[in-house]
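Student: Before anything else, here's the structure in question.
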Amino acid sequence: MPGRLLKCFFFLFIAVAQAQVDPLQTRDSLAQEQWVNEQYQKMSPEERIGQLFMVLVASDQPGSSTDKIAQTIAEHQIGGVIFSKGGPVRQASLTNQFQKQSKIPLLIGMDAEWGLAMRLDSTYAFPWNMTLGAIQDRKTVEEIGHQIGRHAKRMGVHINFAPVVDINSNPRNPIIGNRSFGEDRDNVSAKAVAFHKGMQRAGILSSAKHFPGHGDTETDSHKALPVINLEKSRLDTVELNPYRILIGAGVSSVMVAHLNVPALDNEEDRPSSLSEKIISGVLQNDLEFEGLVLTDALNMKGVTETSDNTGETELKAFLAGNDILLMPEDLPGAKAALLKAYNRGKITEKRLARSVKKILKAKYKANLHNYSPVDLEGLVDELNGVDSELAHEAAVEQSITLLKNQFNLLGIKNLENKKIAYVKLGDDDHQPFLETLNLYAEVTEVSGKDIASLKEQLADFNLVIMGYHKSNASPWKNHDFTKKELYWLNEIAAMPESNAILAVFARPYVLQQVLSYEPVDGVILGYQNSEMVQAKMAEALFGAIPVNGRLPVTAHPQFPVNSGIDLKPLGRLGYSIPERVGMISEFLSDVDTLVQQGLDSLMYPGAQVLIARRGKVIYNKTFGSPTGNEGDVLTSDHLYDLASLTKILATLPLIMKMEEEGKIGLSSTFQELIPEYAESELRDVTVLKALSHYGRLPAWIAFYLDTLNKKGQPSSEFYRNRPMEGYTIKVSDGLYLTDAYKDSIYNRIGRQELKSNRYRYSDVAYYVFKKYIEETYGSSLDKLSEDFLYKRLGASKTTYNPLKKFPRDIIVPSEVDNYYRHRVVQGYVHDMGAAMQGGVGGHAGLFGNANDVAKIMQMYLQGGYYGGERFLNSRTIERFNKCYFCHKEVRRGVGFDKPQLKPHGPTCGCVSPKSFGHSGFTGTYTWADPEAELVYVFLSNRTYPSATNRLLVKSELRTRIQQVIYDSLID
């Protein structure tokens, strides 16, 4: 035992010695002490007393008012100002102006609990504390504190009056509520420490408030003096716990609230802010806090109604132990009262020096001994940077809380069996939620004037998502359900034909209003109704992000504090910003430039461009218009003729599935697929060679030419202008091909001779594959691909023959055809051979948008897995994504295009050998790279108005954009 004791003393000695000889710490402490003493000695008693005050100013006040503040600063040499509402540039300008009026730099403070946006326009709003309280990862909360601290520092603010550490144990609290981290003391303490550390890391002073605890009251101290009727033991173990923890963590200051707490001071109606027993006794002696102590605003009725004489409140507050007197009602009167007390000896020099020197130490810590004015250049941009967006996004994702998940309804799977409706409740915006839902599946908004008509419409759906949206303007807004909404919610949830999900974009306490959640199958809480929360909630519902939030308060008997169900992601695409996935936004702006150059050079009328990395879509933009007309607006919902992308988005996945099922092999020959070809030259062409474009097949066959008359018009021998018996193949509006021509196509293919050169890109094989696929499964290619892929993926905008599902004006035209159909080709496949097959070709015919193309490519990238379902085995994709004839200088994979083997080819030359993709005649292109985890989609209608326009192809614009994408990778 003596040996162990000696060892402990040895290590203690070493630790103390190391601490004592730390030259940097010693040097800074000595410099701070010297600066503080020098400033203190320079000041007169009046100036020292002036340091105790911080006055209120708002940058949206008229110049006459702010000029008075400047005059007050110069006349009274006050210690600091607290800024309220206004704008960042105006506030920064005022800060610089005010600092010039002060002999000792002012301490600038703000209430920026959820960021500068709590007070200022054009600044960033982070989640409220209640939202942060749901997060399990403290580092995420620390990063929010750090970002808020960075913004404050950039604005010339030195102390942020945050974090709020009130434990909101009373759901009817009118002033704290969402400003609290919750009702669990340990959670509040942990989140408060993390928030404080983040601000501290940014060089900003923190302030724990509202001491000794404003959470268990129904009174707003701005309007009256709340009474906290709690036992001392309860206060000590619950309300005071966060302060005890934060003091240990080095919190800079504590703000004392205007509360009457009989258990700590039995003087009737005495506010805690004026109580020596609470401030000097509990805070400074019992909790051993040596930092700055400041009052809550001294113009609040919770304290002003307790004093009659001018300056009496401020004097009492100072004598009670406060160092900073915040927002006095009458500064000259208050200062005079304190000076009078000083001259009479009621305030000793020692007592005055203690507070003033603490204030000066705080100013030194805020680097005010090296004061420099706020730089106005680029201020607003720097207050709204990408780092803040990343921190905000992470916080929102991690806060979402799943409270009920009957039947494992969430994340939503089996989309092929879902018909989804959305019903809006609440009175705030819902569009970001609905728009993001529709990125994952077709979700129809349903509304009605009465519940009967609403239920009648909802009878057609088997899943109803109810979104409850309330104001995100401030944490004090009323979020309560109306009686009508509660009735509708229960009626919809009780419908036997459908499952019901309630997505709540409001404070958790609103859940208490619902009597029972038994009829509701899913309940998920987002806490706020910001655009970010709405988008991330939709992602959570469909399993694009994990869900692991925990309820920070008791929201309902069925949902007590710390409730929460974890959900693992399902491998669906999410939506974010480039920096989230290791890319640089600024570099990607060159994509905008290149696409716009393409528009200006008349390469195409319009384009959709999408970039995804690591499972996140980080760029999805539209340019131009469907036809080049300035009045028309192209949207991300517009459908493009995907042309040859059909090969890898429809036919190839079915061939891979058949190969897994043993219905086809890479060594299978054409005569095995189509026995009629046993005598054809094509008989020995294998699947492998055909898909690799190494089968010596002709590039294409102009079937349509044989069906035109001498004038170049569709011949009456083959066509009718309306459907009738034997003429049911619709080629375009008013043009129906004879059914007999189907056999003519395959007979013509069978008569083809093989070409001499081995490598030739060819559409012909895909006619053969289409026929074999359809005969094998006894169903059409369009239905097979839709059932196997598009419905299950949620690719609701991908289809053959889009006019059967979508209005014409949402489909981009592909050409003004003056050689075959003699009309604008819009809603019908551009490729003539596919058109002669009723719009359903193995090589062409598919329509879709960039978002849907990305889903299919992401499925490939993830080894055949997407949305919680396995479509293909990863080994199958690897087998088809292989260049079997590279040694013959044929770059193609099995169906997929692959990177070039020579200097020029289908890519920028910057992609990995494992990458794959395809291009389409109409101006489409998509590429995926497993090594870079990238998906790139470019859709255009470069063939409109004329397919002879080859400027896009000649410019290599699509692969130049690809180069920019790779240049933007940080890693």
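Chains: A, B, ... in order of the structure tokens. Residues: from 1 per chain. Ligands: from 1, in order shown.
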Within 8 Å of Arg179 of chain A, counting only C-alpha atoms, which residues show up once you throw out same-chain ones fewer than 6 positions away? Write them as a PyMOL selection string, please.

Tutor: chain A and resi 113+128-130+164+475

Student: Could you save the residues just selected, with N, CA and C atoms, as a short mmCIF file (atom, residue, chain, number, x, y, z; two decimals), in the first residue's frame?

Tutor:
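Generated output (again.cif):
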data_model
loop_
_atom_site.label_atom_id
_atom_site.label_comp_id
_atom_site.auth_asym_id
_atom_site.auth_seq_id
_atom_site.Cartn_x
_atom_site.Cartn_y
_atom_site.Cartn_z
N GLU A 113 -29.31 31.50 -30.15
CA GLU A 113 -29.46 30.13 -29.64
C GLU A 113 -29.46 29.12 -30.78
N TRP A 128 -33.57 24.05 -33.72
CA TRP A 128 -33.81 24.44 -32.33
C TRP A 128 -33.26 23.36 -31.40
N ASN A 129 -33.08 23.74 -30.13
CA ASN A 129 -32.50 22.82 -29.17
C ASN A 129 -33.30 21.53 -29.01
N MET A 130 -34.62 21.64 -29.07
CA MET A 130 -35.45 20.42 -28.92
C MET A 130 -35.11 19.42 -30.02
N VAL A 164 -29.21 27.31 -23.92
CA VAL A 164 -30.30 27.18 -22.96
C VAL A 164 -30.18 25.80 -22.33
N PRO A 475 -39.63 29.20 -32.38
CA PRO A 475 -40.00 28.08 -31.51
C PRO A 475 -41.20 28.36 -30.63
#

Student: For segment 422-431 of chain A, list every protein, DNA or RNA residue within 7 Å, evaluated using only C-alpha atoms, and leave out those in the same chain fewer than 4 positions away; present the list as a PyMOL selection string.

Tutor: chain A and resi 435+443-447+464-471+485

Student: Of the residues A:Arg48, A:Gln963, A:Ser372, A:Gly86, which is the one nearest to Glu349 of chain A, using only C-alpha atoms?

Tutor: A:Arg48

Student: From a backbone DSSP assignment, name each residue in segment 371-542 of chain A labelled helix (DSSP H, G or I), as number ranges by chain.

Tutor: A: 379-382, 386-399, 406-408, 415-417, 431-437, 451-458, 483-493, 508-513, 531-541

Student: Quick one: residues within 8 Å of Ala928 of chain A, only C-alpha atoms, excluding same-chain residues fewer than 6 positions away - as a count of residues only?

Tutor: 9

Student: Find the residues around segment 521-524 of chain A up to 8 Å (only C-alpha atoms counted), leave out those fewer than 6 positions away in its own chain, and share them as a list of chain:residue names.

Tutor: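 Contacts, with the query itself left out: A:Ile400, A:Thr401, A:Leu402, A:Leu403, A:Lys404, A:Asn405, A:Gln406, A:Phe407, A:Leu409, A:Leu410, A:Ala493, A:Asn499, A:Ala500, A:Ile501, A:Leu502, A:Ala503, A:Val504.
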
Student: Can you pull out the residues contacting Gly198 of chain A? Cut-off 8 Å, using only C-alpha atoms, and skip same-chain residues under 5 positions away; I want them as a compact mmCIF listing (two decimals) with C-alpha atoms, in the first residue's frame.

Tutor:
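Contents of part.txt, freshly written:
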# COMPACT_ATOMS: atom_id res chain seq x y z
CA VAL A 141 -24.36 18.96 -31.64
CA GLU A 142 -20.85 20.23 -31.01
CA GLU A 143 -20.49 21.00 -34.70
CA ILE A 144 -23.72 23.04 -34.62
CA GLY A 145 -22.30 25.03 -31.71
CA HIS A 146 -19.07 25.48 -33.63
CA GLN A 147 -20.82 26.77 -36.74
CA GLY A 149 -19.70 30.32 -32.98

Student: Skip segment 829-834 of chain A itself and residues of its chain fewer than 2 positions away, then list as a PyMOL selection string all residues within 8 Å of it, counting only C-alpha atoms.

Tutor: chain A and resi 641+643+701-704+801+814-815+825-827+836-846+922

Student: With a distance cut-off of 10 Å and only C-alpha atoms, select the neighbouring residues of Asn818 of chain A, excluding the residue or stretch itself and same-chain residues fewer than 5 positions from it, and output the selection as a list in words.

Tutor: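 The residues that qualify are Gly712, Gln713, Arg823, Val824 and Ser946 of chain A.
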
Student: When distances are computed from only C-alpha atoms, which of A:Lys413, A:Arg572, A:His151, A:His918 shows the smallest separation from Leu649 of chain A?

Tutor: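 Closest to Leu649 of chain A, using only C-alpha atoms: A:His918.
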
Student: Could you go through segment 465-685 of chain A and tell me which residues DSSP, when run on the backbone, assigns to strand (DSSP E or B), listing them as an mmCIF file with C-alpha atoms, in the first residue's frame?

Tutor:
data_model
loop_
_atom_site.group_PDB
_atom_site.id
_atom_site.type_symbol
_atom_site.label_atom_id
_atom_site.label_comp_id
_atom_site.auth_asym_id
_atom_site.auth_seq_id
_atom_site.Cartn_x
_atom_site.Cartn_y
_atom_site.Cartn_z
ATOM 1 C CA ILE A 465 -49.017 9.682 -45.681
ATOM 2 C CA MET A 466 -50.406 12.483 -43.535
ATOM 3 C CA GLY A 467 -48.026 15.410 -43.115
ATOM 4 C CA TYR A 468 -48.710 17.746 -40.202
ATOM 5 C CA HIS A 469 -46.989 21.065 -41.049
ATOM 6 C CA ASN A 499 -52.085 1.876 -44.009
ATOM 7 C CA ALA A 500 -51.576 5.326 -42.507
ATOM 8 C CA ILE A 501 -48.366 7.176 -41.652
ATOM 9 C CA LEU A 502 -48.323 10.411 -39.668
ATOM 10 C CA ALA A 503 -45.273 12.606 -40.334
ATOM 11 C CA VAL A 504 -45.141 15.445 -37.807
ATOM 12 C CA PHE A 505 -43.325 18.681 -38.609
ATOM 13 C CA GLY A 522 -46.491 4.740 -38.534
ATOM 14 C CA VAL A 523 -45.607 7.844 -36.532
ATOM 15 C CA ILE A 524 -42.447 9.787 -37.326
ATOM 16 C CA LEU A 525 -41.361 13.123 -35.873
ATOM 17 C CA VAL A 547 -33.238 6.868 -38.563
ATOM 18 C CA HIS A 556 -47.689 10.923 -25.227
ATOM 19 C CA PHE A 559 -44.308 7.764 -26.493
ATOM 20 C CA ILE A 565 -37.023 3.052 -33.215
ATOM 21 C CA LEU A 567 -34.167 2.118 -39.082
ATOM 22 C CA GLY A 574 -30.422 10.427 -51.070
ATOM 23 C CA TYR A 575 -30.028 14.116 -51.871
ATOM 24 C CA MET A 583 -16.676 17.091 -54.034
ATOM 25 C CA GLY A 606 -32.594 21.857 -73.260
ATOM 26 C CA ALA A 607 -30.937 19.350 -70.959
ATOM 27 C CA GLN A 608 -31.165 17.582 -67.617
ATOM 28 C CA VAL A 609 -27.898 16.884 -65.805
ATOM 29 C CA LEU A 610 -27.578 14.745 -62.693
ATOM 30 C CA ILE A 611 -24.534 13.784 -60.641
ATOM 31 C CA ALA A 612 -24.574 11.379 -57.713
ATOM 32 C CA ARG A 613 -21.779 10.155 -55.520
ATOM 33 C CA LYS A 616 -26.253 10.998 -52.799
ATOM 34 C CA VAL A 617 -27.562 13.078 -55.673
ATOM 35 C CA ILE A 618 -25.552 16.279 -55.325
ATOM 36 C CA TYR A 619 -26.385 17.945 -58.635
ATOM 37 C CA ASN A 620 -29.708 17.753 -60.461
ATOM 38 C CA LYS A 621 -30.396 20.699 -62.742
ATOM 39 C CA THR A 622 -32.336 21.533 -65.861
ATOM 40 C CA PHE A 623 -31.320 23.979 -68.576
ATOM 41 C CA GLY A 624 -33.157 25.525 -71.482
ATOM 42 C CA LEU A 639 -39.376 12.900 -69.876
ATOM 43 C CA TYR A 640 -36.750 12.330 -72.544
ATOM 44 C CA ASP A 641 -36.523 9.705 -75.253
ATOM 45 C CA THR A 669 -26.297 -18.784 -80.052
#

Student: Pick from A:Phe318, A:Pro163, A:Leu551, A:Tyr364: nearest to Leu106 of chain A, with only C-alpha atoms counted?

Tutor: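 Comparing A:Phe318, A:Pro163, A:Leu551, A:Tyr364 against Leu106 of chain A, the winner is A:Tyr364.
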
Student: So how far away is atom CA of Glu786 of chain A from atom CA of Leu803 of chain A, in Å?

Tutor: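 Those two atoms sit 15.5 Å apart.
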
Student: Could you jot down the atom CA of Gly109 of chain A to atom CA of Arg150 of chain A separation for me, Å, one decimal place?

Tutor: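 Atom CA of Gly109 of chain A sits 13.9 Å away from atom CA of Arg150 of chain A.
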
Student: Grab the atom CA of Ala263 of chain A to atom CA of Thr295 of chain A distance for me, in Å with one decimal place.

Tutor: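 Atom CA of Thr295 of chain A lies at a distance of 20.0 Å from atom CA of Ala263 of chain A.
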
Student: Taking only C-alpha atoms into account, produce a table as JSON lines in which each residue of segment 617-686 of chain A with an atom at most 8 Å from an atom of segment 877-895 of chain A appears once, together with its shortest atom pair and the distance in Å to one decimal, ordered by chain and rising number.

Tutor:
{"residue": "A:Lys647", "atom": "CA", "partner": "A:Gly895", "partner_atom": "CA", "distance": 7.2}
{"residue": "A:Ile648", "atom": "CA", "partner": "A:Gly895", "partner_atom": "CA", "distance": 6.5}
{"residue": "A:Leu652", "atom": "CA", "partner": "A:Gly895", "partner_atom": "CA", "distance": 6.4}
{"residue": "A:Met656", "atom": "CA", "partner": "A:Ile877", "partner_atom": "CA", "distance": 7.7}

Student: Hey, could you make a per-residue contact list for segment 744-770 of chain A against segment 672-693 of chain A with 8 Å as the cut-off, showing the nearest pair of atoms and its distance in Å to one decimal, counting only C-alpha atoms, sorted by chain and number, as JSON lines?

Tutor:
{"residue": "A:Gly750", "atom": "CA", "partner": "A:Ser680", "partner_atom": "CA", "distance": 5.7}
{"residue": "A:Arg751", "atom": "CA", "partner": "A:Ser680", "partner_atom": "CA", "distance": 6.5}
{"residue": "A:Gln752", "atom": "CA", "partner": "A:Glu681", "partner_atom": "CA", "distance": 7.1}
{"residue": "A:Glu753", "atom": "CA", "partner": "A:Glu681", "partner_atom": "CA", "distance": 6.0}
{"residue": "A:Leu754", "atom": "CA", "partner": "A:Glu681", "partner_atom": "CA", "distance": 6.5}
{"residue": "A:Tyr759", "atom": "CA", "partner": "A:His693", "partner_atom": "CA", "distance": 5.9}
{"residue": "A:Arg760", "atom": "CA", "partner": "A:His693", "partner_atom": "CA", "distance": 5.7}
{"residue": "A:Tyr761", "atom": "CA", "partner": "A:His693", "partner_atom": "CA", "distance": 5.2}
{"residue": "A:Ser762", "atom": "CA", "partner": "A:His693", "partner_atom": "CA", "distance": 6.2}
{"residue": "A:Ala765", "atom": "CA", "partner": "A:Ala690", "partner_atom": "CA", "distance": 6.0}
{"residue": "A:Val768", "atom": "CA", "partner": "A:Ile674", "partner_atom": "CA", "distance": 7.6}
{"residue": "A:Phe769", "atom": "CA", "partner": "A:Leu673", "partner_atom": "CA", "distance": 7.9}

Student: Emit the selected residues as a PDB file, in the first residue's frame, including N, CA and C atoms.

Tutor:
ATOM      1  N   GLY A 750     -33.012 -12.219 -90.325  1.00  0.00           N
ATOM      2  CA  GLY A 750     -32.487 -13.556 -90.605  1.00  0.00           C
ATOM      3  C   GLY A 750     -31.779 -13.653 -91.940  1.00  0.00           C
ATOM      4  N   ARG A 751     -32.103 -12.773 -92.892  1.00  0.00           N
ATOM      5  CA  ARG A 751     -31.467 -12.808 -94.211  1.00  0.00           C
ATOM      6  C   ARG A 751     -30.168 -12.010 -94.280  1.00  0.00           C
ATOM      7  N   GLN A 752     -29.818 -11.364 -93.156  1.00  0.00           N
ATOM      8  CA  GLN A 752     -28.625 -10.506 -93.165  1.00  0.00           C
ATOM      9  C   GLN A 752     -27.345 -11.339 -93.282  1.00  0.00           C
ATOM     10  N   GLU A 753     -26.372 -10.748 -93.939  1.00  0.00           N
ATOM     11  CA  GLU A 753     -25.046 -11.358 -94.011  1.00  0.00           C
ATOM     12  C   GLU A 753     -24.159 -10.735 -92.935  1.00  0.00           C
ATOM     13  N   LEU A 754     -23.276 -11.528 -92.394  1.00  0.00           N
ATOM     14  CA  LEU A 754     -22.330 -11.021 -91.415  1.00  0.00           C
ATOM     15  C   LEU A 754     -21.301 -10.127 -92.099  1.00  0.00           C
ATOM     16  N   TYR A 759     -15.581  -5.819 -85.152  1.00  0.00           N
ATOM     17  CA  TYR A 759     -16.249  -4.864 -84.258  1.00  0.00           C
ATOM     18  C   TYR A 759     -17.134  -3.923 -85.051  1.00  0.00           C
ATOM     19  N   ARG A 760     -18.400  -3.901 -84.687  1.00  0.00           N
ATOM     20  CA  ARG A 760     -19.347  -2.961 -85.288  1.00  0.00           C
ATOM     21  C   ARG A 760     -20.479  -2.767 -84.288  1.00  0.00           C
ATOM     22  N   TYR A 761     -20.664  -1.532 -83.892  1.00  0.00           N
ATOM     23  CA  TYR A 761     -21.770  -1.255 -82.973  1.00  0.00           C
ATOM     24  C   TYR A 761     -23.083  -1.537 -83.682  1.00  0.00           C
ATOM     25  N   SER A 762     -23.971  -2.313 -83.034  1.00  0.00           N
ATOM     26  CA  SER A 762     -25.167  -2.784 -83.730  1.00  0.00           C
ATOM     27  C   SER A 762     -26.390  -2.787 -82.832  1.00  0.00           C
ATOM     28  N   ALA A 765     -28.917  -6.994 -82.703  1.00  0.00           N
ATOM     29  CA  ALA A 765     -29.014  -8.070 -81.722  1.00  0.00           C
ATOM     30  C   ALA A 765     -30.172  -7.854 -80.749  1.00  0.00           C
ATOM     31  N   VAL A 768     -33.380  -9.382 -81.645  1.00  0.00           N
ATOM     32  CA  VAL A 768     -33.364 -10.819 -81.353  1.00  0.00           C
ATOM     33  C   VAL A 768     -33.629 -11.055 -79.870  1.00  0.00           C
ATOM     34  N   PHE A 769     -32.955 -10.283 -79.017  1.00  0.00           N
ATOM     35  CA  PHE A 769     -33.128 -10.464 -77.570  1.00  0.00           C
ATOM     36  C   PHE A 769     -34.554 -10.134 -77.135  1.00  0.00           C
TER      37      PHE A 769
END
